[in-house]
Amino acid sequence: MSDTHAQTVPYVRESMLPQAEPPVAERGVVKWIRENLVSSWLNAILTLVSLYIIWWVVSHVWGWFAGSVWNAGSLTECREILAGEEGACFAVIAERWNQLVFGFYPPELYWRPLLALALFFAAIAPVLFPERVPRAMFVVTAAMPFVNVWLIWGGSLWGPIFVALGFVAGWGAWRLAQPRLGVLAGAILSVLAALLWWGVVTGWASPDFARILPLDLQRVTSRDIGGFLLSTIIGLSAIILSLPLGILLALGRQSDLFIINKVSVAFIEVIRGIPLIVWLFTAQLLLNYFLPPGTNFDLLLRVIIMVTLFSAAYIAEVVRGGLAALPRGQYEGADSLGLSYWQSMRLIILPQALKISIPGIVNTFIGLFKDTTLVVFIGLLDPIGFSNAIRASTDWNGIYWELFVFIGVLFFIFCYSMGRYSLYLEKKLSREHR
Amino acid sequence: MATTTDPHRAGFRLSQLVYDTRYRSMTIQIVALVALIVAGWWLVANVVQNLSALGKDFDFGFLSSRAGYDINQTLIAYDNSMSHGRASLVGILNTLLVAFMGCVTATVLGVIAGVLRLSRNWIVAKLMAVYVEGFRNVPLLLWIVLIFAVMTESTPQPRDFRVLDDGTSAASMLLGDTIAITNRGVFIPAPVWGSGALVLGLVFLASLVAIWAYRRWAFARQERTGQIAPVFRVSLVLFLVPTILVFLFMAFLSDRQTLVAYGGADGQDLAGFAQALGPDGRVTACVVPGTTQALLVRRALRNSDANFSLVEVADGEAAIAAAEAGECNLISQPPGVDPATIPAGGFALSDGIRSGNPVEFDVPVLGGFNFEGGLQVRNSLIALWLALSLYTGAFIAEIVRGGILAISRGQSEAAFALGLRPNRTMNLVILPQALRVIIPPLISQYLNLTKNSSLAIAVGYMDVRATLGGITINQTGRELEGMLLLGGFYLGLSLLISGVLNVYNNRVKLKER
Amino acid sequence: QTLESVQENGVLNCGVSTGLTGFSSPNASGEWEGFDVGICRAVAAAVLGDPMAVNFVPTTGQTRFTALASGEIDLLARNTTWTFSRDVDLGFSFAGVNYYDGQGFMVPRALGVSSAQDLDGATVCIQTGTTTELNLADYFRVNNISYEPVPIETNAEAQQQYLAGACDVYTTDASGLAATRASFENPGDHVILPEIISKEPLGPLVRQGDDQWADIVRWTLNALIAAEEYGVTSTNVSELASGTDNPEINRLLGSEGELGAMFGLENDWAQQAIAAVGNYGELFEQNIGESTPIGLARGLNAQWTDGGLMYAPPFR
Amino acid sequence: MTDTAFDDSPKVDRSQMKVSDEVAIEIAEMNKWYGTFHVLRDINLTVYRGERIVICGPSGSGKSTLIRCINRLEEHQSGRIVVDGTELSSDLKNIDKIRSEVGMCFQHFNLFPHLTILENCTLAPIWVRKVPKKEAEETAMHFLEKVKIPDQANKYPGQLSGGQQQRVAIARSLCMRPRIMLFDEPTSALDPEMIKEVLDTMIELAEEGMTMICVTHEMGFAQAVANRVIFMDQGQIVEQNEPREFFNNPRSDRTKLFLSQILGH
Amino acid sequence: MTDTAFDDSPKVDRSQMKVSDEVAIEIAEMNKWYGTFHVLRDINLTVYRGERIVICGPSGSGKSTLIRCINRLEEHQSGRIVVDGTELSSDLKNIDKIRSEVGMCFQHFNLFPHLTILENCTLAPIWVRKVPKKEAEETAMHFLEKVKIPDQANKYPGQLSGGQQQRVAIARSLCMRPRIMLFDEPTSALDPEMIKEVLDTMIELAEEGMTMICVTHEMGFAQAVANRVIFMDQGQIVEQNEPREFFNNPRSDRTKLFLSQILGH
Ligand SMILES: Nc1ncnc2c1ncn2[C@@H]1O[C@H](COP(=O)(O)OP(=O)(O)OP(=O)(O)O)[C@@H](O)[C@H]1O
Ligand SMILES: Nc1ncnc2c1ncn2[C@@H]1O[C@H](COP(=O)(O)OP(=O)(O)OP(=O)(O)O)[C@@H](O)[C@H]1O
Ligand SMILES: NC(=O)CC[C@H](N)C(=O)O
Ligand SMILES: [Mg+2]
Ligand SMILES: [Mg+2]
């Protein structure tokens with residue numbers, strides 16, 4: 001048709017063609033099926049196999065799920081209700097819901113952990129969505145750890161307040177000393193001030209304050225905390241505490257100072273090279289060997305410390321990645337303006353490096369949160385621990401799937417949504433940085 | 001030149017320690033070192049004090065004392081009279097075993113899932129996404145206990161395999177009665193190496209060498225003439241065919257061996273001999289454990305519904321001696337033994353048994369309490385192995401997917417535009433590049449898997465944590481030493497693996513400007 | 001110094017087993033009860049005057065010694081066998097024996113096994129880190145029969161594995177077997193074999209090197225045993241404490257002499273302990289005796305006066 | 001700006017480049033959809049052996065899609081494309097044949113970063129043409145000399161500048177001794193200095209009589225070497241003409257608008 | 001090409017820019033090694049207050065290294081560098097002092113992307129000079145006006161064009177009220193149109209009598225404002241002269257060769 005021969009026949013289209021519908025095979029469901037399900041022989045077979053797998057799973061699970069019993073006092077009762085029919089016995093969850101979620105936490109005090117959780121979300125909001133949340137919210141962020149400790153364990157509010165004041169004292173000493181005496185002396189002084197505060201002032205003043213204005217909440221011991229509450233407490237406190245430590249380790253690992261560098265490397269590698277479960281056993285059984293004779297403190301606290309150290313090593317690697325991703329020019333830019341090392345870290349480097357690291361940190365946290373289940377081996381009652389305990393009771397002896405499915409689904413919801421969040425962040429970051 | 005103020009080069013001032021870059025780093029390091037030493041000293045001092053309060057010392061001598069406990073899965077010879085050190089070694093090997101098996105299957109699963117997740121097939125891709133997200137977002141421990149529960153709760157007990165009087169049984173073995181899946185584990189046929197096994201092994205090695213040589217030849221020829229030889233298919237044939245042929249040939253050649261019985265009449269066959277022993281009599285056969293002869297004798301006896309027991313001896317000589325001493329009344333002699341050389345008091349049964357292939361399979365059969373013979377892959381191992389593989393596989397799938405996605409579409413388009421076929425494009429262009437991206441995180445997943453194998457504790461698998469870090473510590477009270485060794489083992493392993501990783505990384509780094 | 005730290009904390013850290021009906025198990029409301037738990041409560045009552053001031057730390061066969069050695073717990077009352085190496089090498093002091101036991105086997109009745117000698121090739125569930133594990137190895141070695149051990153952490157898991165048929169035999173202390181069987185749906189379907197293959201004197205233990213604390217635990221246990229001998233029970237103890245004409249009882253209950261003060265306790269320490277948990281006989285009957293589902297006979301654990309081995313040294 | 005860069009190069013004597021009557025590529029009534037989006041509409045185009053065609057047009061007008069259809073990197077849904085007498089269908093053999101006849105050069109070069117320059121150039125001859133390695137290397141060196149970078153043969157792509165990389169990409173295609181070359185904006189990812197290097201190479205190729213279809217906005221290049229300029233818009237060929245006419249005397253309004261934009265700035 | 005961009009700008013009246021006798025920077029017998037590689041060899045250079053020095057030379061000749069030594073982004077190993085009467089030694093106090101006296105402007109701007117333009121400019125004054133925030137912001141706005149982008153103050157660097165970013169970088173340095181400015185190829189990462197914006201800003205600075213050392217290949221700029229042009233090669237100062245002489249009458253062969261290359265193309 002087109003005889004537009006080379007140099008001879010110029011061609012001009014007079015009227016533009018409109019959009020046309022693609023041929024039938026190229027549109028709608030037909031096309032979708034053709035391209036997505038049966039684009040080749042192999043694909044067609046795969047489709048059939050997948051359909052079979054889906055059918056198999058659904059047909060096995062559906063009856064069990066659809067026929068589930070939600071109201072019964074024991075497995076036998078459940079079986080009676082089912083009367084031989086297939087069906088799950090989710091009654092166990094209904095009955096033990098409180099235990100699985102809160103452990104032995106006194107039921108009338110459930111509002112406390114819930115409030116603490118709400119507070120936690122309020123506190124991380126300015127970190128997660130810095131654009132949308134006013135900066136004043138950082139006050140909540142700073143106060144949250146102390147208030148939450150008080151909310152969960154109860155006791156006098158003055159304890160946490162004095163601990164917090166210790167940090168304030170340290171910071172004050174830093175502000176006073178650093179301009180005059182320099183960084184090193186300032187740092188030492190501020191640590192000393194904080195220690196002095198905790199060691200002397202707190203012991204001497206806080207009981208008095210407690211007497212004058214009690215601010216007491218009913219105490220709840222660590223042994224009463226269990227279930228998802230326990231996992232969450234361990235996970236969240238470890239991640240919050242490990243963040244500063246991890247940053248220090250990352251800086252240490254980046255440092256040119258031989259000893260500091262090597263110590264950081266050794267710490268990170270040793271922690272990461274040994275399974276968490278070994279560390280937990282260490283926390284449970286060996287820690288006392290390393291402490292002065294006679295010291296003995298809460299197992300939960302020890303676990304939190306151990307998990308904190310553990311996740312700090314991982315966070316350090318994440319942050320190191322963030323630091324390495326910053327162009328050298330940023331360091332030089334800061335140097336050329338005359339900022340000191342700590343100033344440039346605090347004002348220039350870390351804000352950027354941490355931002356890049358947030359997805360990694362969230363992923364570390366997901367891993368950590370899953371790993372909190374390991375505390376069952378040292379006798380703490382996390383959800384899996386409770387599932388064992390529940391199965392050991394005569395009422396529910398022989399129940400498996402329902403508990404595992406429930407725990408699994410809860411973990412899945414948490415971890416999956418956090419994973420999505422970190423993915424969203426990654427996308428956003430790569431958009432911003434390009 | 002104009003004069004500038006001459007900076008006075010004063011001697012060392014104390015402020016230089018803090019303000020002079022040269023000394024400052026020294027100062028900080030010394031402060032750090034001192035702090036470190038103080039902290040270390042504090043810890044050690046506490047340990048010393050605590051130990052002495054308990055009247056304990058720090059001593060690794062316990063490793064050589066008698067362990068006294070049994071381990072159900074041992075890759076090397078072990079019994080309870082051996083030392084704690086040996087028990088630890090058994091545990092270490094068990095850890096390495098499950099880690100190795102886990103890494104292999106996790107890789108296979110991960111690669112398949114990762115590739116399928118990129119499939120154009122919507123259902124398959126979604127199914128893989130469900131697998132990956134499902135395993136990644138639920139704690140490993142939960143998967144381990146879940147799979148263990150499936151294995152123990154929904155598989156039959158060995159006694160369910162027993163055929164009842166009405167000829168039925170609650171469960172049956174698979175694949176021609178060779179595999180039994182029970183709630184104590186899966187019993188599979190175990191290979192027993194016969195006398196020809198060495199030859200077979202050599203043939204197999206030779207075919208590996210041949211494959212290598214063929215590949216070199218094919219490569220050289222391609223360089224020379226450009227012709228491309230079918231490497232994969234020929235390799236596959238070389239891999240399988242010679243070994244199978246030799247096996248068949250040797251099986252064809254294998255002769256019948258002579259069974260020598262004591263205390264019957266000449267000319268009997270096995271059944272006759274058994275009957276001759278009377279209703280209370282028992283055929284006791286002297287066998288060398290672990291040989292094909294032993295396996296075949298046992299099989300023959302089992303099939304003859306005679307009442308029998310086996311006596312284990314060290315070798316053929318010992319068997320004859322034992323028979324002459326009356327400890328057993330049946331031994332087997334190699335094929336073609338001259339009847340005249342049959343030791344005194346014995347006679348050859350009329351129906352010999354086959355002498356055996358280079359490889360015989362010891363098929364599990366139901367015994368008194370359990371399946372006997374064969375290889376028992378215990379539930380604890382299976383649960384741990386499966387869970388670790390599935391869990392890590394999900395992570396590997398993401399790595400593989402990421403690796404393939406990281407190779408831009410332009411690369412395959414360029415290869416297509418050059419006329420390369422899809423499979424060549426995969427082999428020559430995509431895979432070499434994707435592997436560089438994939439392998440480093442892959443190895444760190446191997447590391448994770450190895451560390452996670454310590455969750456064996458959830459299913460009672462006897463890994464190094466259970467032996468050295470569990471029973472040994474418990475029996476000897478050497479928790480400090482034991483945990484130190486345990487930590488050292490894991491640390492050494494991961495340093496080793498990451499060392500390998502570093503070497504690899506340095507070798508494949510892409511050259512850039 | 002353990003005494004001081006316990007008194008300072010106001011709570012006794014007591015290691016018990018993770019759950020063995022009748023010996024130590026948490027009830028529906030999360031409160032621990034049982035025979036071993038009774039010892040903990042008695043010691044707490046003697047030392048702190050409050051039987052509820054106990055922090056129960058569940059331990060497995062494997063973790064219990066480390067927990068005690070490292071100071072995680074102050075007292076281990078967890079059906080633990082008194083052996084030479086534990087006493088000498090591991091560095092513990094046994095405070096006496098609260099139950100004379102021996103290792104037994106439990107099999108499903110359906111297997112038709114009547115003797116341990118018939119167990120050749122059987123799969124055996126054992127708790128790891130126990131004497132039973134070692135006894136089992138010795139026993140089968142001596143009798144030249146083979147077995148397949150299935151190592152298990154806790155009694156609950158063992159029970160589960162055993163019921164699922166993952167092992168043919170469950171072996172542990174006979175008392176533990178009885179307690180486990182009692183919690184089965186159909187206890188009658190399982191038999192405990194006649195062989196008792198070892199001596200298992202079970203008793204509470206403490207760290208070596210703190211004699212004062214060891215004495216406190218030892219004599220608290222003895223007080224319970226003596227109380228039974230002298231007919232002091234939880235119901236009549238307060239009445240008897242005001243003074244009787246038996247000087248031994250008076251010394252025991254503190255109305256005469258200064259026994260408590262000798263190891264740093266109040267003089268009414270034994271009275272507190274007995275009031276809290278009852279005397280040895282009461283403790284036994286309430287938790288594991290014949291009237292309970294566990295139904296253990298006193299047997300060796302009867303008073304020496306009744307032909308048993310329970311024999312408390314004199315309070316003098 | 002880029003015009004300037006090109007203006008320095010010697011004008012090519014177009015009459016020297018001969019066009020035969022043989023048809024190299026014939027596209028007839030070709031249509032293509034992406035999903036329901038009609039990207040190419042009723043394309044009719046015949047390219048004769050030795051012709052040098054420049055395609056231009058606004059972004060998104062389907063230029064890339066058109067030339068990618070020619071070596072079947074994209075599938076067309078109706079109409080026919082005949083390359084060198086072979087019709088493009090889903091027949092794999094035809095596709096392979098056409099792809100080894102048609103060389104393609106991408107905007108982003110798409111060199112294989114894990115292979116040296118030499119290996120990049122010999123890969124396809126060895127595995128597709130089954131040429132002995134030695135011979136393939138000789139050919140490769142020949143073409144590398146032609147694009148003036150024989151000394152880079154043993155480096156990796158990452159070590160070369162953009163212009164050098166694009167020239168390697170051209171050499172890589174040439175090593176397959178294609179009869180037709182397709183260029184998809186080969187210079188638009190390059191810095192101005194490098195553009196010249198690449199255009200020079202392309203002009204040399206044109207002088208040797210290679211059939212070329214080139215998507216580019218280097219109007220200097222079009223004026224210098226093209227036999228025909230094709231202007232596309234909204235998936236259609238709007239105008240085609242020989243270059244002088246095309247630039248000086250565009251007929252369609254769209255073309256005028258387009259030319260005013262790219263020449264004006 | 002880039003010369004053209006500059007030629008449009010008005011010629012600067014050089015006589016107006018005064019040079020005092022005071023020494024701003026003195027570098028004497030300075031040597032520097034990277035490992036065993038001797039990058040700077042026996043550098044002697046005295047810069048007077050108010051002087052504007054342009055450094056040029058082939059790539060790798062050590063130009064950047066030299067000016068980075070001046071504010072101690074790199075350490076020198078022998079010889080001395082005295083800036084504004086303070087000798088650069090390993091004494092941190094001196095380093096801090098010099099860095100706050102010497103402004104530096106990088107090829108890639110190195111703005112802080114997480115801070116707004118205003119924050120970029122006030123950061124150092126607030127934290128190093130301890131100026132109240134309000135005052136710092138006023139100063140910053142002053143200098144932003146000077147570089148003609150006061151309206152961008154609340155944007156983030158990523159939202160600005162390259163030329164604007166470079167001007168912000170200059171303003172950021174100026175906010176520290178440095179007495180000496182160092183520029184390291186400030187225009188070479190920019191598109192031609194933007195180069196002019198930046199050069200104009202620099203010329204304005206020069207007119208105000210700022211002491212400047214500038215590594216650049218913008219010969220137009222050198223001719224317009226420099227008091228002295230220094231030519232470096234292989235880590236040494238090969239030639240220095242006032243611009244007219246330098247360009248019209250280079251003495252060393254090395255310089256001639258270099259000039260023929262950069263002016264010729
Ligand atoms: N894979 C695809 N799926 C859907 N639409 C596509 C795809 N590839 C391209 N398109 C669309 O097809 C149209 C033509 O794209 P094409 O790349 O051919 O344009 P172009 O003329 O080469 O433009 P440019 O000058 O920007 O390269 C565009 O509108 C584009 O958005
Ligand atoms: N950190 C470093 N380690 C080792 N060598 C370096 C380092 N930085 C620069 N060099 C080398 O020092 C020499 C001088 O580098 P410098 O950056 O000063 O050159 P330049 O004159 O600025 O060149 P250009 O015009 O390319 O910026 C170069 O040969 C370079 O390779
Ligand atoms: N079963 C147990 O937990 C205890 C077993 C045994 N009495 C021991 O002390 O080792
Ligand atoms: Mg395009
Ligand atoms: Mg430079």
# chains A, B, ... in the order shown; residues from 1 in each chain; ligands from 1
call {"tool": "residues_near_ligand", "arguments": {"ligand": "ligand 5", "cutoff": "10 Å", "atoms": "only C-alpha atoms and all ligand atoms", "output": "number ranges by chain"}}
result
E: 56-68, 106-107, 184-185, 215-216
call {"tool": "write_last_selection", "arguments": {"atoms": "N, CA, C and O atoms", "output": "CSV table (one decimal), in the first residue's frame"}}
result
chain,number,residue,atom,x,y,z
E,56,CYS,N,44.8,26.9,38.0
E,56,CYS,CA,44.4,26.0,37.0
E,56,CYS,C,45.5,25.0,36.8
E,56,CYS,O,46.5,25.1,37.3
E,57,GLY,N,45.1,24.0,35.9
E,57,GLY,CA,46.1,23.0,35.7
E,57,GLY,C,45.3,21.7,35.3
E,57,GLY,O,44.1,21.6,35.6
E,58,PRO,N,46.1,20.8,34.8
E,58,PRO,CA,45.4,19.5,34.3
E,58,PRO,C,44.8,18.7,35.5
E,58,PRO,O,45.2,19.0,36.6
E,59,SER,N,43.9,17.8,35.1
E,59,SER,CA,43.3,17.0,36.1
E,59,SER,C,44.3,16.2,36.9
E,59,SER,O,45.3,15.7,36.3
E,60,GLY,N,44.2,16.1,38.2
E,60,GLY,CA,45.1,15.3,39.0
E,60,GLY,C,46.3,16.0,39.4
E,60,GLY,O,47.3,15.5,39.9
E,61,SER,N,46.4,17.3,39.0
E,61,SER,CA,47.6,18.0,39.3
E,61,SER,C,47.7,18.5,40.8
E,61,SER,O,48.7,19.0,41.2
E,62,GLY,N,46.7,18.3,41.5
E,62,GLY,CA,46.7,18.6,42.9
E,62,GLY,C,46.1,19.9,43.3
E,62,GLY,O,46.3,20.4,44.4
E,63,LYS,N,45.3,20.5,42.4
E,63,LYS,CA,44.7,21.8,42.7
E,63,LYS,C,43.7,21.7,43.9
E,63,LYS,O,43.8,22.4,44.9
E,64,SER,N,42.8,20.7,43.8
E,64,SER,CA,41.9,20.5,44.9
E,64,SER,C,42.6,20.2,46.2
E,64,SER,O,42.3,20.8,47.3
E,65,THR,N,43.6,19.4,46.1
E,65,THR,CA,44.3,19.0,47.3
E,65,THR,C,44.9,20.2,48.0
E,65,THR,O,44.9,20.4,49.2
E,66,LEU,N,45.5,21.1,47.2
E,66,LEU,CA,46.1,22.3,47.7
E,66,LEU,C,45.1,23.2,48.5
E,66,LEU,O,45.3,23.5,49.6
E,67,ILE,N,43.9,23.4,47.8
E,67,ILE,CA,43.0,24.3,48.6
E,67,ILE,C,42.4,23.6,49.7
E,67,ILE,O,42.0,24.2,50.8
E,68,ARG,N,42.3,22.3,49.7
E,68,ARG,CA,41.7,21.6,50.8
E,68,ARG,C,42.7,21.6,52.0
E,68,ARG,O,42.3,21.4,53.1
E,106,PHE,N,32.2,24.0,47.3
E,106,PHE,CA,32.7,22.8,46.6
E,106,PHE,C,32.1,22.6,45.2
E,106,PHE,O,31.0,23.3,44.9
E,107,GLN,N,32.7,21.8,44.5
E,107,GLN,CA,32.2,21.5,43.1
E,107,GLN,C,30.7,21.0,43.2
E,107,GLN,O,29.9,21.4,42.4
E,184,ASP,N,36.4,25.4,44.9
E,184,ASP,CA,36.9,24.3,44.1
E,184,ASP,C,36.0,24.0,42.9
E,184,ASP,O,35.0,23.3,43.1
E,185,GLU,N,36.4,24.4,41.8
E,185,GLU,CA,35.7,24.2,40.6
E,185,GLU,C,34.2,24.4,40.8
E,185,GLU,O,33.4,23.5,40.6
E,215,VAL,N,39.8,27.5,42.2
E,215,VAL,CA,40.2,26.6,41.2
E,215,VAL,C,39.2,26.6,40.1
E,215,VAL,O,38.0,26.3,40.4
E,216,THR,N,39.6,26.9,38.9
E,216,THR,CA,38.5,27.0,37.9
E,216,THR,C,39.2,26.9,36.5
E,216,THR,O,40.4,27.2,36.4
call {"tool": "residues_around", "arguments": {"residues": "Gln212 in chain C", "least_positions_apart": "4", "cutoff": "12 Å", "atoms": "only C-alpha atoms", "output": "list in words"}}
result
Gln1, Thr2, Leu3, Glu4, Val47, Ser93, Ala95, Val206, Arg207, Gln208, Ile216, Val217, Arg218, Trp219, Gly260, Ala261, Met262, Phe263, Gly264 and Leu265 of chain C
call {"tool": "select_by_dssp", "arguments": {"residues": "range 332-497 of chain B", "states": "alpha helix (DSSP H)", "output": "PyMOL selection string"}}
result
chain B and resi 379-406+409-417+422-424+431-452+464-466+473-476+479-497
call {"tool": "calpha_fit_rmsd", "arguments": {"fixed": "chain E", "moving": "chain D"}}
result
0.1 Å
call {"tool": "residues_around", "arguments": {"residues": "Asp189 in chain C", "least_positions_apart": "3", "cutoff": "7 Å", "atoms": "only C-alpha atoms", "output": "list in words"}}
result
Pro108, Arg109 and Asn186 of chain C
call {"tool": "residues_around", "arguments": {"residues": "Asp118 in chain C", "least_positions_apart": "2", "cutoff": "12 Å", "atoms": "only C-alpha atoms", "output": "list of chain:residue names"}}
result
B:Gly368, B:Phe369, C:Phe105, C:Val107, C:Leu111, C:Gly112, C:Val113, C:Ser114, C:Ser115, C:Ala116, C:Asp120, C:Gly121, C:Ala122, C:Phe140, C:Asn143, C:Asn144, C:Ile145, C:Ser146, C:Tyr147, C:Asp168, C:Val169, C:Leu193, C:Glu195
call {"tool": "write_last_selection", "arguments": {"atoms": "N, CA and C atoms", "output": "mmCIF file, in the first residue's frame"}}
result
data_model
loop_
_atom_site.group_PDB
_atom_site.id
_atom_site.type_symbol
_atom_site.label_atom_id
_atom_site.label_comp_id
_atom_site.auth_asym_id
_atom_site.auth_seq_id
_atom_site.Cartn_x
_atom_site.Cartn_y
_atom_site.Cartn_z
ATOM 1 N N GLY B 368 9.192 -55.173 66.820
ATOM 2 C CA GLY B 368 8.395 -55.279 68.027
ATOM 3 C C GLY B 368 7.739 -53.973 68.406
ATOM 4 N N PHE B 369 8.554 -52.960 68.653
ATOM 5 C CA PHE B 369 7.996 -51.674 69.067
ATOM 6 C C PHE B 369 7.949 -50.689 67.929
ATOM 7 N N PHE C 105 8.988 -47.326 84.943
ATOM 8 C CA PHE C 105 8.598 -47.194 83.535
ATOM 9 C C PHE C 105 7.093 -47.230 83.421
ATOM 10 N N VAL C 107 4.078 -47.832 80.488
ATOM 11 C CA VAL C 107 3.814 -48.176 79.088
ATOM 12 C C VAL C 107 2.308 -48.242 78.883
ATOM 13 N N LEU C 111 0.260 -52.364 74.791
ATOM 14 C CA LEU C 111 1.480 -52.989 74.282
ATOM 15 C C LEU C 111 1.694 -54.370 74.859
ATOM 16 N N GLY C 112 1.056 -54.636 75.952
ATOM 17 C CA GLY C 112 1.169 -55.944 76.550
ATOM 18 C C GLY C 112 2.533 -56.237 77.142
ATOM 19 N N VAL C 113 3.238 -55.217 77.505
ATOM 20 C CA VAL C 113 4.559 -55.431 78.103
ATOM 21 C C VAL C 113 4.382 -55.597 79.598
ATOM 22 N N SER C 114 5.086 -56.573 80.175
ATOM 23 C CA SER C 114 4.925 -56.749 81.606
ATOM 24 C C SER C 114 6.217 -56.550 82.360
ATOM 25 N N SER C 115 7.316 -56.436 81.640
ATOM 26 C CA SER C 115 8.587 -56.261 82.340
ATOM 27 C C SER C 115 9.496 -55.364 81.533
ATOM 28 N N ALA C 116 10.338 -54.664 82.228
ATOM 29 C CA ALA C 116 11.267 -53.781 81.549
ATOM 30 C C ALA C 116 12.219 -54.567 80.657
ATOM 31 N N ASP C 120 13.208 -54.326 74.606
ATOM 32 C CA ASP C 120 14.266 -54.239 73.594
ATOM 33 C C ASP C 120 13.749 -53.514 72.347
ATOM 34 N N GLY C 121 14.457 -52.495 71.952
ATOM 35 C CA GLY C 121 14.079 -51.759 70.740
ATOM 36 C C GLY C 121 13.025 -50.699 70.974
ATOM 37 N N ALA C 122 12.628 -50.497 72.201
ATOM 38 C CA ALA C 122 11.562 -49.537 72.452
ATOM 39 C C ALA C 122 12.074 -48.100 72.356
ATOM 40 N N PHE C 140 19.992 -50.276 80.540
ATOM 41 C CA PHE C 140 19.901 -50.985 79.268
ATOM 42 C C PHE C 140 21.245 -51.547 78.865
ATOM 43 N N ASN C 143 21.710 -54.738 80.892
ATOM 44 C CA ASN C 143 20.866 -55.828 80.424
ATOM 45 C C ASN C 143 21.045 -56.114 78.942
ATOM 46 N N ASN C 144 21.967 -55.391 78.330
ATOM 47 C CA ASN C 144 22.315 -55.626 76.937
ATOM 48 C C ASN C 144 21.091 -55.571 76.020
ATOM 49 N N ILE C 145 20.252 -54.616 76.247
ATOM 50 C CA ILE C 145 19.157 -54.417 75.310
ATOM 51 C C ILE C 145 19.237 -52.997 74.780
ATOM 52 N N SER C 146 18.642 -52.803 73.625
ATOM 53 C CA SER C 146 18.796 -51.512 72.977
ATOM 54 C C SER C 146 17.532 -50.689 73.165
ATOM 55 N N TYR C 147 17.677 -49.393 73.041
ATOM 56 C CA TYR C 147 16.517 -48.514 73.125
ATOM 57 C C TYR C 147 16.839 -47.250 72.358
ATOM 58 N N ASP C 168 7.233 -45.315 73.190
ATOM 59 C CA ASP C 168 6.493 -46.447 73.735
ATOM 60 C C ASP C 168 6.462 -46.390 75.249
ATOM 61 N N VAL C 169 7.509 -45.846 75.796
ATOM 62 C CA VAL C 169 7.707 -45.914 77.232
ATOM 63 C C VAL C 169 8.002 -44.525 77.752
ATOM 64 N N LEU C 193 5.414 -50.347 85.128
ATOM 65 C CA LEU C 193 6.069 -51.658 85.212
ATOM 66 C C LEU C 193 6.616 -51.884 86.617
ATOM 67 N N GLU C 195 9.450 -53.034 87.672
ATOM 68 C CA GLU C 195 10.846 -52.764 87.982
ATOM 69 C C GLU C 195 11.051 -51.330 88.458
#
call {"tool": "residues_around", "arguments": {"residues": "Ser100 in chain E", "least_positions_apart": "5", "cutoff": "12 Å", "atoms": "only C-alpha atoms", "output": "ChimeraX atom specification"}}
result
/A:334-340 /E:71-72,83-84,93-95,124-125,127-130,172-181
call {"tool": "residues_near_ligand", "arguments": {"ligand": "ligand 3", "cutoff": "8 Å", "atoms": "only C-alpha atoms and all ligand atoms", "output": "list in words"}}
result
Ser17, Thr60, Gly61, Arg78, Asn79, Thr80, Thr81, Trp82, Gln103, Ile126, Gln127, Gly129, Thr130, Thr131, Thr132, Glu133, Thr154, Asn155, Thr172, Asp173, Gly176, Glu200, Pro201 and Leu202 of chain C
